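Here the structure comes first, spelled out in structure tokens, and everything after it is commentary.
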Amino acid sequence: MTSRIGVVTFPGTLDDQDALRAVRVAGAEAVPLWHRDRDLHQVDAVVLAGGFSYGDYLRAGAISRFSPVMETIIEQAKGGMPVLGICNGFQILTEAHLLPGAMLRNNHLHFICRDQRLTVENAATAWTADYEQGQEISVPLKNMDGRYTADERTLDELEAEGRVAFRYTAGGNAADGYGNPNGSLRDIAGITNAAGNVVGLMPHPEHAVEPLIGTGGTDGLGFFTSILKKLVSAS
Amino acid sequence: MARVVVDVMLKPEILDPQGQAVQRALPRLGFDGIADVRQGKRFELEVDGTVDDAALARIHEMAETFLANTVIEDFVVRVES
């Protein structure tokens, strides 16, 4: 029996179908989860997909964070269940305080949509084990509120504990997807909790899992194969 | 019925590009002498019954857990007469 990976749909979620597909492409069983249902249907891990849940009203992720399904996810994530938050999912994880910091409006005030170069800074989390530390990948980025922020003490703590999981890669042309796209502090694109089971990032690995669509590469597939290997080896 | 107002502002150290964009537009519109603009949110709560200390404490809790994200925002609760 393969592993079951759930993908939550909130009102306004956009990327749940792509996330479910990415789970299947990796070889796991994809399980749709509904925001009003507290039951996680025996999934082994959860993906919070991108979009604009509750229209980003109040703050991105602020209302979703109090939905029934999140009560169970927060409780189980604290117990070690792997959770990946992509884009709006990352915003929900920070609002739920499963990850530190917060996301603010992009510093240039524009919606951004481009293929983004990322450097994998931590290849030891539940979701990144199939990457090499320092590996450069390209996955789509599309958001309005992607500017990661936290106080200096938290940033220093994240750096010291190796909890910056992904950084926007410097050293190339913006037209090629290099550079910090939104003013995120210390070029942070994604972080992990101390245990490594909860990971959040703004770019979208689920849109880069098949050669025919998206970026034309499969740089994002490693998230889903990483978690599958981890779950299979644990069972 | 009583009205309680909750003002939510980005913390002073947090960059507010929306406020900056507003500030930069002012001279073009002929409004001079504004050195800085910060943009926030105002919530007007219509409360059933009287607003006693217990009710205010609940509203404070609501602001802290929901209306504001205290990682990036400060808030002020006040009763409007």
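Letters A, B, ... go to the chains of the structure tokens in the order shown; residues in each chain start at 1; ligands are counted from 1 in the same order.
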Within 6 Å of stretch 134-146 of chain A, counting only C-alpha atoms, which residues show up once you throw out same-chain ones fewer than 4 positions away? Write them as a PyMOL selection string, please.
-> chain A and resi 103-106+111-121+203-205+208+219
For chain B, report every residue with an atom at most 10 Å from chain A (counting only C-alpha atoms), formatted as a CSV table (one decimal) with N, CA and C atoms, in the first residue's frame.
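Saved file out-v2.csv follows:
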```
chain,number,residue,atom,x,y,z
B,13,GLU,N,8.7,49.3,12.6
B,13,GLU,CA,9.9,48.8,11.9
B,13,GLU,C,9.6,48.1,10.6
B,14,ILE,N,8.3,47.8,10.3
B,14,ILE,CA,7.9,47.1,9.1
B,14,ILE,C,7.7,48.0,7.9
B,15,LEU,N,8.4,47.7,6.8
B,15,LEU,CA,8.2,48.5,5.6
B,15,LEU,C,6.8,48.5,5.1
B,16,ASP,N,6.3,49.7,4.8
B,16,ASP,CA,4.9,49.8,4.3
B,16,ASP,C,4.9,50.5,2.9
B,17,PRO,N,5.1,49.7,1.9
B,17,PRO,CA,5.2,50.2,0.5
B,17,PRO,C,3.9,50.9,0.1
B,18,GLN,N,2.7,50.4,0.6
B,18,GLN,CA,1.5,51.1,0.2
B,18,GLN,C,1.4,52.5,0.8
B,21,ALA,N,3.7,54.6,-1.3
B,21,ALA,CA,3.1,55.0,-2.6
B,21,ALA,C,2.1,56.1,-2.5
B,41,LYS,N,-5.6,49.5,9.3
B,41,LYS,CA,-7.0,49.1,9.1
B,41,LYS,C,-7.8,49.5,10.4
B,65,THR,N,-5.8,37.7,18.6
B,65,THR,CA,-5.7,36.4,17.9
B,65,THR,C,-6.1,36.5,16.5
B,66,PHE,N,-6.9,37.5,16.1
B,66,PHE,CA,-7.5,37.4,14.8
B,66,PHE,C,-7.4,38.7,14.0
B,67,LEU,N,-7.9,39.8,14.6
B,67,LEU,CA,-7.9,41.0,13.8
B,67,LEU,C,-6.5,41.5,13.4
B,68,ALA,N,-5.6,41.3,14.3
B,68,ALA,CA,-4.2,41.7,14.1
B,68,ALA,C,-3.3,40.5,14.1
B,69,ASN,N,-2.3,40.6,13.3
B,69,ASN,CA,-1.2,39.6,13.4
B,69,ASN,C,-0.1,40.2,14.1
B,70,THR,N,0.1,39.9,15.4
B,70,THR,CA,1.0,40.6,16.2
B,70,THR,C,2.5,40.4,15.9
B,71,VAL,N,2.7,39.5,14.9
B,71,VAL,CA,4.1,39.4,14.4
B,71,VAL,C,4.5,40.7,13.7
B,72,ILE,N,3.5,41.2,13.0
B,72,ILE,CA,3.8,42.4,12.1
B,72,ILE,C,3.0,43.6,12.5
```
At a cut-off of 10 Å, can you tabulate as a tab-separated table every residue of stretch 101-201 of chain A near stretch 71-78 of chain A together with its closest atom pair and the distance in Å to one decimal, using only C-alpha atoms and ordering rows by chain then number?
```
residue	atom	partner	partner_atom	distance
A:Asn193	CA	A:Lys78	CA	9.9
A:Ala195	CA	A:Lys78	CA	9.2
A:Asn197	CA	A:Ala77	CA	7.4
A:Val198	CA	A:Ala77	CA	7.0
```
Would you kindly return, as a ChimeraX atom specification, each protein, DNA or RNA residue with an atom no farther than 10 Å from any atom of A:Ala194, considering only C-alpha atoms and excluding same-chain residues fewer than 6 positions away?
-> /A:99,125,158,161-163
Next, write the just-selected residues to a file, as a CSV table (one decimal), in the first residue's frame, keeping N, CA and C atoms as the atom set.
```
chain,number,residue,atom,x,y,z
A,99,LEU,N,4.8,28.0,11.6
A,99,LEU,CA,6.1,28.5,11.2
A,99,LEU,C,6.2,30.0,11.6
A,125,THR,N,14.9,18.2,5.4
A,125,THR,CA,13.6,18.2,5.9
A,125,THR,C,12.8,17.0,5.2
A,158,LEU,N,16.6,31.3,12.8
A,158,LEU,CA,16.3,30.5,11.7
A,158,LEU,C,17.7,30.1,11.0
A,161,GLU,N,19.9,27.7,13.1
A,161,GLU,CA,19.4,26.3,13.2
A,161,GLU,C,19.2,25.7,11.8
A,162,GLY,N,19.7,26.4,10.8
A,162,GLY,CA,19.5,25.8,9.4
A,162,GLY,C,18.1,25.7,9.0
A,163,ARG,N,17.2,26.6,9.5
A,163,ARG,CA,15.8,26.4,9.2
A,163,ARG,C,15.4,27.3,8.0
```
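Shortest separation to A:Val8 among A:Ala170, A:Ile213, A:Ala160, A:Val83 occurs at residue A:Val83, atoms counted being only C-alpha atoms.
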Polymer residues at most 12 Å from B:Val4, only C-alpha atoms, same-chain spacing of 3 or more positions, as a list of chain:residue names | B:Met1, B:Asp7, B:Arg42, B:Phe43, B:Glu44, B:Leu45, B:Glu46, B:Val47, B:Asp48, B:Gly49, B:Thr50, B:Val51, B:Asp52, B:Ala55, B:Leu56, B:Ala57, B:Arg58, B:Ile59, B:His60, B:Ala63, B:Val76, B:Val77, B:Arg78, B:Val79, B:Glu80, B:Ser81
Who sits within 12 Å of B:Gly19, only C-alpha atoms, same chain under 3 positions skipped, as a PDB file with C-alpha atoms, in the first residue's frame:
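Now in part12.pdb:
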```
ATOM      1  CA  ARG A 105       2.642  42.689   0.283  1.00  0.00           C
ATOM      2  CA  ASN A 107       7.713  45.516  -1.882  1.00  0.00           C
ATOM      3  CA  LEU A 109       3.219  46.295  -4.909  1.00  0.00           C
TER       4      LEU A 109
ATOM      5  CA  MET B   9      -1.247  49.354  12.196  1.00  0.00           C
ATOM      6  CA  LEU B  10       1.907  47.758  10.831  1.00  0.00           C
ATOM      7  CA  PRO B  12       6.936  50.948  12.989  1.00  0.00           C
ATOM      8  CA  ILE B  14       7.896  47.076   9.119  1.00  0.00           C
ATOM      9  CA  LEU B  15       8.248  48.546   5.617  1.00  0.00           C
ATOM     10  CA  ASP B  16       4.890  49.834   4.329  1.00  0.00           C
ATOM     11  CA  VAL B  22       0.415  57.201  -1.133  1.00  0.00           C
ATOM     12  CA  GLN B  23       3.014  59.606   0.263  1.00  0.00           C
ATOM     13  CA  ARG B  24       4.803  59.863  -3.084  1.00  0.00           C
ATOM     14  CA  ALA B  25       1.537  60.661  -4.866  1.00  0.00           C
ATOM     15  CA  LEU B  26       0.706  63.606  -2.591  1.00  0.00           C
ATOM     16  CA  ILE B  34       3.522  65.315   4.321  1.00  0.00           C
ATOM     17  CA  ALA B  35       6.764  63.635   5.344  1.00  0.00           C
ATOM     18  CA  ASP B  36       5.457  60.104   5.831  1.00  0.00           C
ATOM     19  CA  VAL B  37       2.281  58.032   5.410  1.00  0.00           C
ATOM     20  CA  ARG B  38       1.506  54.697   7.034  1.00  0.00           C
ATOM     21  CA  GLN B  39      -1.615  52.794   6.088  1.00  0.00           C
ATOM     22  CA  GLY B  40      -3.601  50.674   8.527  1.00  0.00           C
TER      23      GLY B  40
END
```
